Structures are given as C-alpha cells and as structure tokens.
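A.B. asks: Pasting a structure here, questions to come.
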Amino acid sequence: MASAPFPTETSVPPPAIAVERLSCRLAGRMVLSDIGFSVSGGEILGILGPNGSGKTTLLRCLAGLQTPSAGRVLIDGDDPRVLRPVELARRLALQAQDSPAALGFTVRDVVGMGRLVHRRSPFAGAGAEDRAIVEDALDRLDLSGLAGRAVEQLSGGERQRVTIARALAQRPRILLLDEPTNHLDIHHRFAVLDLVRSLGITVVATLHDIELAARWCDRILLLADGRLQADAAPEDALTPDRLTAVYRVAAAVDRRPQDSRLRIDLSPLMSPFTEPSR
Ligand SMILES: Nc1ncnc2c1ncn2[C@@H]1O[C@H](COP(=O)(O)OP(=O)(O)OP(=O)(O)O)[C@@H](O)[C@H]1O
C-alpha cells in the first residue's frame, strides 16, 4: 500500500503579506523603523497611530509605491516592486486618501478603471463580465443613482465611496485602505466596513476611529513615531496605558454588558490649559 506523502515545508503557503525589518527614510528622516509583521489570508488588520506616525507610508510600502530603505515586503511571497504592475494589481488594490479625482470622468467610468488590469490587451473593450462587476460595485457602494454624474460634482463622502468601489471592481485578493471611512457618515461607515468584511479577502486599513477599529479589525498594529507599539488583537493592543502613551489622552476601556463589545472612552489629559480656574 502506498503511504500518504508527508507534508513538506514547500506545501505551506506564504502569508498574504510579510513585512521583515522594514525601515523607511524620507527626506533624510526615519519615518518607519524596524517594522515586522505578517498578515494571513482573509485577515483584517488595522493600522492605528497619531498623525505622522507612518501609517500611510507603511501602506505605500505594502503597495510597492514606496521603496523601504531597509528590510522588505513580500506579497504572497513576492516583492511587489519586482512584479509586473498588472500582476501586482490583480493581487492587490490600494484605495488611497488622495486618489486622483479623475476629472471629466463619470462615476461609472472611474469604477470601470478598476477592471483595466483584467483586460487581455490595453485595446480590448469592457466585456459583459466587466460591466456586471462594475454595476455590482456601484450598487454595493450605494452609487448606482450617481453613476452618470461627473466625479468632480460629488461630495467628499460620495467621492470616497467611488475610490472604494473602484478598488472592489479590481477584485483583488488583498485590499489596502487608507482611512476608508474618514469622509463617510455613520450609516455608510458601518455599511462599507460590513461590506469589506463580507468579501472574505485580506484587508489592511489605516484608521483614526479607535472604537470603530476595535469593532471591525481582527488585529491592530499601533504605531508611534514610526515604531511598532503593539501587534495584537484589539483588546490586547488597545490598553488604557498604551492609548495614553501613544495618543496623549486619558483612556478607559471596558466591555459593553449587552454584547461584550470593547467600549473605549477617550478624553483630554488634564493640562495647565484645561484645568478649571479656581
Ligand atoms: N514625501 C515625503 N517626504 C518627506 N516626508 C514625508 C513624506 N511623506 C510623509 N512624510 C513624513 O513622514 C511621516 C509619516 O507620514 P505618514 O503620512 O505616513 O503618516 P500618517 O500616520 O499616515 O499620518 P496621518 O494620520 O496624518 O495621515 C510624517 O512626519 C510626514 O511628514
């Protein structure tokens, strides 16, 4: 009887994202220092930290748009900077804060740009499948009613939904989101995050809303001054002491009695300027 082969090391797939001892210097200043972590397929990772802590720079390194000064990033085991752009774009989509508004194009056109990487040739037109995927992305982002409008006529939140729809139309295995909800009203915040979670793909998102991040992310990376302060499940990463040290605020963390969800109460630290005068 033939025996079953033993699993070998090569049968273990690489993590969706691996970051090894990554440092990044911009304009002579160290913006990221010795960062290491990995992200498993299907995991949702939130990157949190104060302004200027290096969140966007880290996301840009993951997308291959920023070259680290030391260390490396691997996407499914490959360096994103050596992959052909079209191959990288089939694996990974980046929704950026400052995505160009694509002036002169309609919402449908801009979302359709997400399909370009799947065309067999740059001259091939959109097929039925491309059109169906674009309409699906428009519908999921509550944009069908705006599909014929020029993007420059949209509000900030509507434009943000367009950039997310375009990234979804790309049908990536890995989605990188840079503050995906900062312009969205509370209904659309929940709707977009629920939608992204329902896709079951690997997601890395920078976020400023700490409670929203605690509710939505599987894991949190907390950055301060370009250094990793925590890499853990939300309840382990977002401790009061750490929140106070990183964000310079008073913090209380407990769980809501009705559903055990983390409740994070932040308030300003008392200072000579905020203390009531006697
Ligand atoms: N192109 C650049 N050249 C020089 N310095 C830069 C450049 N881009 C960013 N920086 C600096 O790098 C640091 C990290 O910036 P980054 O945008 O990654 O921070 P962030 O955590 O995303 O901030 P925010 O929460 O304000 O969006 C900041 O001090 C910023 O001034």
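Each chain in the structure tokens gets a letter, A, B and so on, in the order shown; residues start at 1 in every chain, and ligands are counted from 1 in the order they appear.
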Determine, for each residue of chain A having at least one atom at most 7 Å from an atom of ligand 1, the closest pair of atoms and their separation in Å to one decimal, counting only C-alpha atoms and all ligand atoms; order by chain and ascending number, as JSON lines.
C.D. replies:
```
{"residue": "A:Leu26", "atom": "CA", "partner": "ligand 1", "partner_atom_place_in_ligand_line": "4 (C)", "distance": 4.6}
{"residue": "A:Ala27", "atom": "CA", "partner": "ligand 1", "partner_atom_place_in_ligand_line": "4 (C)", "distance": 4.7}
{"residue": "A:Val31", "atom": "CA", "partner": "ligand 1", "partner_atom_place_in_ligand_line": "12 (O)", "distance": 5.1}
{"residue": "A:Gly49", "atom": "CA", "partner": "ligand 1", "partner_atom_place_in_ligand_line": "21 (O)", "distance": 6.1}
{"residue": "A:Pro50", "atom": "CA", "partner": "ligand 1", "partner_atom_place_in_ligand_line": "25 (O)", "distance": 5.5}
{"residue": "A:Asn51", "atom": "CA", "partner": "ligand 1", "partner_atom_place_in_ligand_line": "25 (O)", "distance": 3.4}
{"residue": "A:Gly52", "atom": "CA", "partner": "ligand 1", "partner_atom_place_in_ligand_line": "19 (O)", "distance": 3.4}
{"residue": "A:Ser53", "atom": "CA", "partner": "ligand 1", "partner_atom_place_in_ligand_line": "21 (O)", "distance": 3.9}
{"residue": "A:Gly54", "atom": "CA", "partner": "ligand 1", "partner_atom_place_in_ligand_line": "18 (O)", "distance": 3.3}
{"residue": "A:Lys55", "atom": "CA", "partner": "ligand 1", "partner_atom_place_in_ligand_line": "21 (O)", "distance": 3.8}
{"residue": "A:Thr56", "atom": "CA", "partner": "ligand 1", "partner_atom_place_in_ligand_line": "22 (O)", "distance": 3.7}
{"residue": "A:Thr57", "atom": "CA", "partner": "ligand 1", "partner_atom_place_in_ligand_line": "18 (O)", "distance": 3.7}
{"residue": "A:Leu58", "atom": "CA", "partner": "ligand 1", "partner_atom_place_in_ligand_line": "18 (O)", "distance": 6.4}
```
A.B. asks: Distance table requested - stretch 187-247 of chain A against stretch 136-142 of chain A, cut-off 9 Å, only C-alpha atoms: one row per qualifying residue with the closest atom pair and its distance in Å to one decimal, ordered by chain and rising residue number, as a Markdown table.
C.D. replies:
```
| residue | atom | partner | partner_atom | distance |
| --- | --- | --- | --- | --- |
| A:His188 | CA | A:Leu141 | CA | 8.5 |
| A:Ala191 | CA | A:Leu141 | CA | 8.3 |
| A:Val192 | CA | A:Leu141 | CA | 7.1 |
| A:Leu195 | CA | A:Arg140 | CA | 7.6 |
```
A.B. asks: Which neighbours of stretch 71-83 of chain A fall inside 7 Å, counting only C-alpha atoms, when residues of the same chain fewer than 5 positions from it are skipped, and could you give them as a PyMOL selection string?
C.D. replies: chain A and resi 14-23+62-64+88
A.B. asks: Convert the current residue selection to file output with C-alpha atoms, as a PDB file, in the first residue's frame.
C.D. replies:
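Dumped everything to result08.pdb:
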```pdb
ATOM      1  CA  PRO A  14       3.402  32.089   2.341  1.00  0.00           C
ATOM      2  CA  PRO A  15       1.386  34.648   4.308  1.00  0.00           C
ATOM      3  CA  ALA A  16      -0.627  37.084   2.193  1.00  0.00           C
ATOM      4  CA  ILE A  17       1.689  39.849   3.410  1.00  0.00           C
ATOM      5  CA  ALA A  18       5.034  39.576   5.195  1.00  0.00           C
ATOM      6  CA  VAL A  19       6.965  42.622   6.382  1.00  0.00           C
ATOM      7  CA  GLU A  20      10.507  41.988   7.557  1.00  0.00           C
ATOM      8  CA  ARG A  21      12.612  44.540   9.484  1.00  0.00           C
ATOM      9  CA  LEU A  22      11.275  47.369   7.354  1.00  0.00           C
ATOM     10  CA  SER A  23      12.642  50.877   7.769  1.00  0.00           C
ATOM     11  CA  LEU A  62       2.963  47.320   1.100  1.00  0.00           C
ATOM     12  CA  ALA A  63       1.641  48.519  -2.268  1.00  0.00           C
ATOM     13  CA  GLY A  64       5.156  48.747  -3.739  1.00  0.00           C
ATOM     14  CA  LEU A  88       0.534  43.167  -8.714  1.00  0.00           C
TER      15      LEU A  88
END
```
A.B. asks: Within 8 Å of A:Arg25, counting only C-alpha atoms, which residues qualify if same-chain residues fewer than 6 places away don't, as a ChimeraX atom specification?
C.D. replies: /A:31-32,68-69
A.B. asks: Find the distance between atom CA of A:Gly112 and atom CA of A:Leu154 and write it in Å to one decimal.
C.D. replies: 17.1 Å
A.B. asks: Residues of stretch 84-219 of chain A in alpha helix (DSSP H) according to DSSP, as a compact mmCIF listing (two decimals) with N, CA and C atoms, in the first residue's frame?
C.D. replies:
```txt
# COMPACT_ATOMS: atom_id res chain seq x y z
N PRO A 85 3.44 45.40 -13.03
CA PRO A 85 2.36 46.19 -12.43
C PRO A 85 1.00 45.53 -12.56
N VAL A 86 0.75 44.91 -13.72
CA VAL A 86 -0.57 44.31 -13.92
C VAL A 86 -0.76 43.07 -13.02
N GLU A 87 0.33 42.34 -12.82
CA GLU A 87 0.26 41.16 -11.94
C GLU A 87 0.01 41.60 -10.49
N LEU A 88 0.73 42.65 -10.07
CA LEU A 88 0.53 43.17 -8.71
C LEU A 88 -0.90 43.67 -8.55
N ALA A 89 -1.42 44.38 -9.55
CA ALA A 89 -2.76 44.96 -9.45
C ALA A 89 -3.85 43.90 -9.45
N ARG A 90 -3.54 42.71 -9.97
CA ARG A 90 -4.53 41.62 -9.89
C ARG A 90 -4.55 41.02 -8.50
N ARG A 91 -3.44 41.16 -7.78
CA ARG A 91 -3.39 40.61 -6.41
C ARG A 91 -3.88 41.63 -5.39
N VAL A 107 -18.78 58.66 -12.66
CA VAL A 107 -18.58 57.69 -11.58
C VAL A 107 -18.42 56.28 -12.17
N ARG A 108 -19.27 55.96 -13.14
CA ARG A 108 -19.21 54.61 -13.73
C ARG A 108 -17.86 54.39 -14.43
N ASP A 109 -17.38 55.42 -15.15
CA ASP A 109 -16.08 55.33 -15.84
C ASP A 109 -14.98 55.06 -14.82
N VAL A 110 -14.99 55.81 -13.71
CA VAL A 110 -13.90 55.70 -12.73
C VAL A 110 -13.93 54.31 -12.09
N VAL A 111 -15.11 53.83 -11.74
CA VAL A 111 -15.19 52.49 -11.15
C VAL A 111 -14.73 51.46 -12.19
N GLY A 112 -15.08 51.69 -13.46
CA GLY A 112 -14.65 50.79 -14.54
C GLY A 112 -13.14 50.72 -14.70
N ALA A 128 -18.91 41.76 -21.00
CA ALA A 128 -20.13 41.68 -20.19
C ALA A 128 -19.79 41.46 -18.72
N GLU A 129 -18.76 40.63 -18.47
CA GLU A 129 -18.40 40.36 -17.08
C GLU A 129 -17.88 41.64 -16.40
N ASP A 130 -17.04 42.40 -17.14
CA ASP A 130 -16.53 43.67 -16.58
C ASP A 130 -17.69 44.58 -16.23
N ARG A 131 -18.65 44.69 -17.14
CA ARG A 131 -19.77 45.61 -16.90
C ARG A 131 -20.59 45.15 -15.70
N ALA A 132 -20.79 43.84 -15.57
CA ALA A 132 -21.56 43.32 -14.44
C ALA A 132 -20.84 43.60 -13.11
N ILE A 133 -19.51 43.44 -13.12
CA ILE A 133 -18.73 43.68 -11.89
C ILE A 133 -18.80 45.15 -11.50
N VAL A 134 -18.73 46.03 -12.51
CA VAL A 134 -18.81 47.48 -12.23
C VAL A 134 -20.18 47.83 -11.65
N GLU A 135 -21.25 47.30 -12.26
CA GLU A 135 -22.59 47.61 -11.74
C GLU A 135 -22.76 47.08 -10.33
N ASP A 136 -22.19 45.91 -10.06
CA ASP A 136 -22.25 45.33 -8.72
C ASP A 136 -21.53 46.23 -7.70
N ALA A 137 -20.33 46.71 -8.08
CA ALA A 137 -19.57 47.59 -7.16
C ALA A 137 -20.33 48.89 -6.93
N LEU A 138 -20.94 49.45 -7.99
CA LEU A 138 -21.72 50.68 -7.84
C LEU A 138 -22.87 50.44 -6.87
N ASP A 139 -23.55 49.32 -7.05
CA ASP A 139 -24.70 49.00 -6.22
C ASP A 139 -24.29 48.81 -4.76
N ARG A 140 -23.19 48.06 -4.54
CA ARG A 140 -22.76 47.78 -3.17
C ARG A 140 -22.34 49.05 -2.44
N GLY A 156 -17.46 64.93 -0.71
CA GLY A 156 -16.27 64.21 -0.25
C GLY A 156 -16.57 62.75 0.07
N GLY A 157 -17.69 62.49 0.75
CA GLY A 157 -18.04 61.12 1.12
C GLY A 157 -18.41 60.28 -0.09
N GLU A 158 -19.14 60.91 -1.05
CA GLU A 158 -19.51 60.19 -2.27
C GLU A 158 -18.25 59.83 -3.06
N ARG A 159 -17.31 60.77 -3.13
CA ARG A 159 -16.06 60.52 -3.85
C ARG A 159 -15.27 59.40 -3.18
N GLN A 160 -15.31 59.39 -1.85
CA GLN A 160 -14.59 58.33 -1.13
C GLN A 160 -15.20 56.96 -1.46
N ARG A 161 -16.54 56.92 -1.58
CA ARG A 161 -17.18 55.65 -1.93
C ARG A 161 -16.80 55.23 -3.35
N VAL A 162 -16.58 56.21 -4.24
CA VAL A 162 -16.16 55.87 -5.61
C VAL A 162 -14.77 55.21 -5.59
N THR A 163 -13.85 55.75 -4.76
CA THR A 163 -12.50 55.16 -4.74
C THR A 163 -12.55 53.73 -4.19
N ILE A 164 -13.47 53.49 -3.25
CA ILE A 164 -13.59 52.13 -2.70
C ILE A 164 -14.23 51.21 -3.75
N ALA A 165 -15.25 51.72 -4.46
CA ALA A 165 -15.91 50.90 -5.50
C ALA A 165 -14.91 50.52 -6.58
N ARG A 166 -14.04 51.47 -6.96
CA ARG A 166 -13.04 51.17 -8.00
C ARG A 166 -12.09 50.07 -7.51
N ALA A 167 -11.67 50.17 -6.24
CA ALA A 167 -10.78 49.14 -5.69
C ALA A 167 -11.49 47.78 -5.66
N LEU A 168 -12.79 47.76 -5.32
CA LEU A 168 -13.52 46.48 -5.29
C LEU A 168 -13.69 45.91 -6.69
N ALA A 169 -13.92 46.81 -7.68
CA ALA A 169 -14.10 46.34 -9.06
C ALA A 169 -12.83 45.66 -9.57
N ILE A 186 -22.21 58.08 9.40
CA ILE A 186 -22.13 56.88 10.25
C ILE A 186 -22.80 55.66 9.58
N HIS A 187 -23.90 55.89 8.84
CA HIS A 187 -24.55 54.77 8.15
C HIS A 187 -23.58 54.15 7.13
N HIS A 188 -22.96 55.02 6.32
CA HIS A 188 -22.07 54.48 5.29
C HIS A 188 -20.79 53.90 5.89
N ARG A 189 -20.35 54.45 7.06
CA ARG A 189 -19.18 53.83 7.72
C ARG A 189 -19.43 52.36 8.01
N PHE A 190 -20.55 52.10 8.68
CA PHE A 190 -20.86 50.71 9.03
C PHE A 190 -21.08 49.88 7.77
N ALA A 191 -21.81 50.46 6.80
CA ALA A 191 -22.13 49.70 5.59
C ALA A 191 -20.85 49.31 4.84
N VAL A 192 -19.93 50.27 4.70
CA VAL A 192 -18.70 49.98 3.95
C VAL A 192 -17.86 48.94 4.67
N LEU A 193 -17.72 49.09 6.00
CA LEU A 193 -16.87 48.13 6.72
C LEU A 193 -17.51 46.73 6.73
N ASP A 194 -18.84 46.68 6.87
CA ASP A 194 -19.52 45.37 6.80
C ASP A 194 -19.31 44.74 5.43
N LEU A 195 -19.44 45.56 4.40
CA LEU A 195 -19.26 45.07 3.03
C LEU A 195 -17.85 44.51 2.85
N VAL A 196 -16.85 45.27 3.28
CA VAL A 196 -15.46 44.82 3.09
C VAL A 196 -15.24 43.52 3.85
N ARG A 197 -15.77 43.42 5.07
CA ARG A 197 -15.59 42.18 5.84
C ARG A 197 -16.26 41.00 5.13
N SER A 198 -17.42 41.27 4.52
CA SER A 198 -18.16 40.16 3.88
C SER A 198 -17.42 39.59 2.67
N ILE A 210 -10.77 54.86 16.74
CA ILE A 210 -10.23 53.73 17.52
C ILE A 210 -11.32 52.73 17.87
N GLU A 211 -12.51 53.24 18.23
CA GLU A 211 -13.58 52.30 18.61
C GLU A 211 -14.07 51.51 17.41
N LEU A 212 -14.17 52.20 16.28
CA LEU A 212 -14.58 51.50 15.04
C LEU A 212 -13.54 50.43 14.69
N ALA A 213 -12.27 50.77 14.85
CA ALA A 213 -11.20 49.81 14.55
C ALA A 213 -11.30 48.60 15.48
N ALA A 214 -11.58 48.86 16.77
CA ALA A 214 -11.69 47.75 17.74
C ALA A 214 -12.83 46.82 17.37
N ARG A 215 -13.90 47.40 16.84
CA ARG A 215 -15.09 46.62 16.49
C ARG A 215 -14.86 45.79 15.23
N TRP A 216 -14.08 46.34 14.30
CA TRP A 216 -14.04 45.77 12.95
C TRP A 216 -12.83 44.91 12.68
```
A.B. asks: As JSON, numbers by chain, please: every residue in stretch 28-275 of chain A that a backbone DSSP assignment puts in strand (DSSP E).
C.D. replies: {"A": [29, 30, 31, 32, 33, 34, 35, 36, 37, 38, 39, 44, 45, 46, 47, 48, 70, 71, 72, 73, 74, 75, 92, 93, 94, 95, 174, 175, 176, 177, 178, 202, 203, 204, 205, 206, 219, 220, 221, 222, 223, 224, 227, 228, 229, 230, 231, 232, 249, 250, 251, 252, 253, 254, 255, 262, 263, 264, 265, 266, 267, 268]}
A.B. asks: Kindly indicate which residue among A:Cys61, A:Ala245, A:Ala70, A:Ile220 lies nearest to A:Asp34, using only C-alpha atoms for the distances.
C.D. replies: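 Closest to A:Asp34, using only C-alpha atoms: A:Ala70.
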A.B. asks: Just want the 9 Å neighbourhood of stretch 248-258 of chain A, counted on only C-alpha atoms, with same-chain residues fewer than 2 positions away dropped. Output as a ChimeraX atom specification.
C.D. replies: /A:235,238-246,260-270
A.B. asks: Between atom CA of A:Gly104 and atom CA of A:Leu175, what is the spacing in Å?
C.D. replies: 26.2 Å
A.B. asks: Please provide as a ChimeraX atom specification all residues within 10 Å of A:Glu43, with the sequence filter that same-chain residues fewer than 4 positions apart are discarded (counting only C-alpha atoms).
C.D. replies: /A:16,39,174,197,200-204,217-219
A.B. asks: Can you tell me, as a compact mmCIF listing (two decimals) with N, CA and C atoms, in the first residue's frame, what residues are no more than 8 Å from A:Thr206 when counting only C-alpha atoms, ignoring any on the same chain fewer than 6 positions away?
C.D. replies:
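Generated file (part-v8.txt):
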```
# COMPACT_ATOMS: atom_id res chain seq x y z
N GLY A 46 -5.89 46.37 11.17
CA GLY A 46 -6.00 47.83 11.25
C GLY A 46 -4.66 48.42 11.65
N ILE A 47 -4.26 49.51 10.98
CA ILE A 47 -3.05 50.24 11.38
C ILE A 47 -3.51 51.55 12.01
N LEU A 48 -3.19 51.71 13.27
CA LEU A 48 -3.60 52.90 14.02
C LEU A 48 -2.37 53.66 14.48
N LYS A 55 1.58 55.63 9.15
CA LYS A 55 0.56 54.67 8.66
C LYS A 55 0.51 54.64 7.13
N THR A 56 0.37 55.82 6.52
CA THR A 56 0.26 55.86 5.06
C THR A 56 1.54 55.40 4.40
N LEU A 59 1.55 51.70 4.39
CA LEU A 59 0.63 51.18 3.37
C LEU A 59 1.26 51.31 1.97
N LEU A 177 -6.53 49.89 2.39
CA LEU A 177 -7.44 51.04 2.50
C LEU A 177 -6.79 52.10 3.37
N ASP A 178 -6.70 53.33 2.84
CA ASP A 178 -6.10 54.42 3.62
C ASP A 178 -7.22 55.31 4.14
N GLU A 179 -7.51 55.18 5.41
CA GLU A 179 -8.61 55.92 6.05
C GLU A 179 -9.88 55.85 5.20
N PRO A 180 -10.43 54.64 5.02
CA PRO A 180 -11.54 54.47 4.09
C PRO A 180 -12.84 55.14 4.54
```
A.B. asks: Go through A:Gly42, A:Ala96, A:Leu199, A:Ile35 one by one, measure the shortest atom-to-atom distance of each to A:Leu65 using only C-alpha atoms, and give the residue with the smallest value.
C.D. replies: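 The closest residue to A:Leu65 is A:Ala96.
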A.B. asks: Point out the residue among A:Thr106, A:Ile44, A:Leu176, A:Ala205 with the least atom-to-atom distance to A:Leu143, counting only C-alpha atoms.
C.D. replies: A:Thr106
A.B. asks: Find the distance between atom CA of A:Ala233 and atom CA of A:Tyr247 and write it in Å to one decimal.
C.D. replies: 18.5 Å
A.B. asks: With only C-alpha atoms as the basis for distance, which of A:Arg119, A:Leu146, A:Gly36, A:Ala124 is at the shortest distance from A:Leu223?
C.D. replies: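 Among the listed residues, the smallest separation from A:Leu223 belongs to A:Gly36.
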